[in-house]
Amino acid sequence: QVQLVESGGGLVQPGGSLRLSCEASGFIFSVHSMYWLRQAPGKGLQWVSGIDAGGTPTYYTASVKGRFIISRDNDRNTLFLQMNSLKPEDTALYYCARDRSGFLKGQGTQVTVSS
């Protein structure tokens, strides 16, 4: 079955950086576009970024463009999200997903941006 396991979250000060990882199994990772989604406290699921199967092109929601970088390693079945210049409004549970709506997603990793 499809398994997606996120890691790399944590508590960081505003302006800091984190790198999220997502290990995928149970499907042919290299043929699927992949996505990062997030859910802030009290809010709905938000699409953050996407990447095509071969690594390009990449896509970002406006609020993270220029600060976040999505990438993938198809040899290791792993998806990444490099998050720079983090802001308090980036605080959320971050999910890796095989579809943009989040129907197939992992358990999430918590990112908290606070001083």
# chains A, B, ... in the order shown; residues from 1 in each chain; ligands from 1

$ select_by_dssp --residues "region 13-109 of chain A" --states "helix (DSSP H, G or I)" --output "count of residues only"
6

$ closest_atom_pairs --of "region 25-47 of chain A" --to "region 85-94 of chain A" --cutoff "6 Å" --atoms "only C-alpha atoms" --output "CSV"
residue,atom,partner,partner_atom,distance
A:Leu37,CA,A:Tyr94,CA,5.8
A:Arg38,CA,A:Tyr94,CA,4.3
A:Gln39,CA,A:Ala92,CA,5.2
A:Ala40,CA,A:Ala92,CA,4.1

$ atom_distance --atom1 "CA of Ser115 (chain A)" --atom2 "CA of Gly15 (chain A)"
9.9 Å

$ atom_distance --atom1 "CA of Val113 (chain A)" --atom2 "CA of Ile69 (chain A)"
17.5 Å

$ residues_around --residues "Leu79 (chain A)" --least-positions-apart "3" --cutoff "6 Å" --atoms "only C-alpha atoms" --output "ChimeraX atom specification"
/A:21-22,72

$ residues_around --residues "Gly26 (chain A)" --least-positions-apart "6" --cutoff "7 Å" --atoms "only C-alpha atoms" --output "MDAnalysis selection string"
chainID A and resid 1:3

$ write_last_selection --atoms "N, CA, C and O atoms" --output "CSV table (one decimal), in the first residue's frame"
chain,number,residue,atom,x,y,z
A,1,GLN,N,0.8,-1.2,0.0
A,1,GLN,CA,0.0,0.0,0.0
A,1,GLN,C,0.9,1.2,0.0
A,1,GLN,O,2.0,1.2,0.4
A,2,VAL,N,0.3,2.4,-0.4
A,2,VAL,CA,1.0,3.6,-0.4
A,2,VAL,C,1.4,4.0,1.0
A,2,VAL,O,0.6,4.1,1.9
A,3,GLN,N,2.7,4.3,1.2
A,3,GLN,CA,3.1,4.9,2.5
A,3,GLN,C,4.0,6.1,2.2
A,3,GLN,O,4.9,6.1,1.4

$ select_by_dssp --residues "chain A" --states "strand (DSSP E)" --output "NGL selection string"
:A and (3-7 or 10-12 or 18-25 or 34-39 or 45-51 or 58-60 or 68-73 or 78-83 or 92-97 or 109-113)
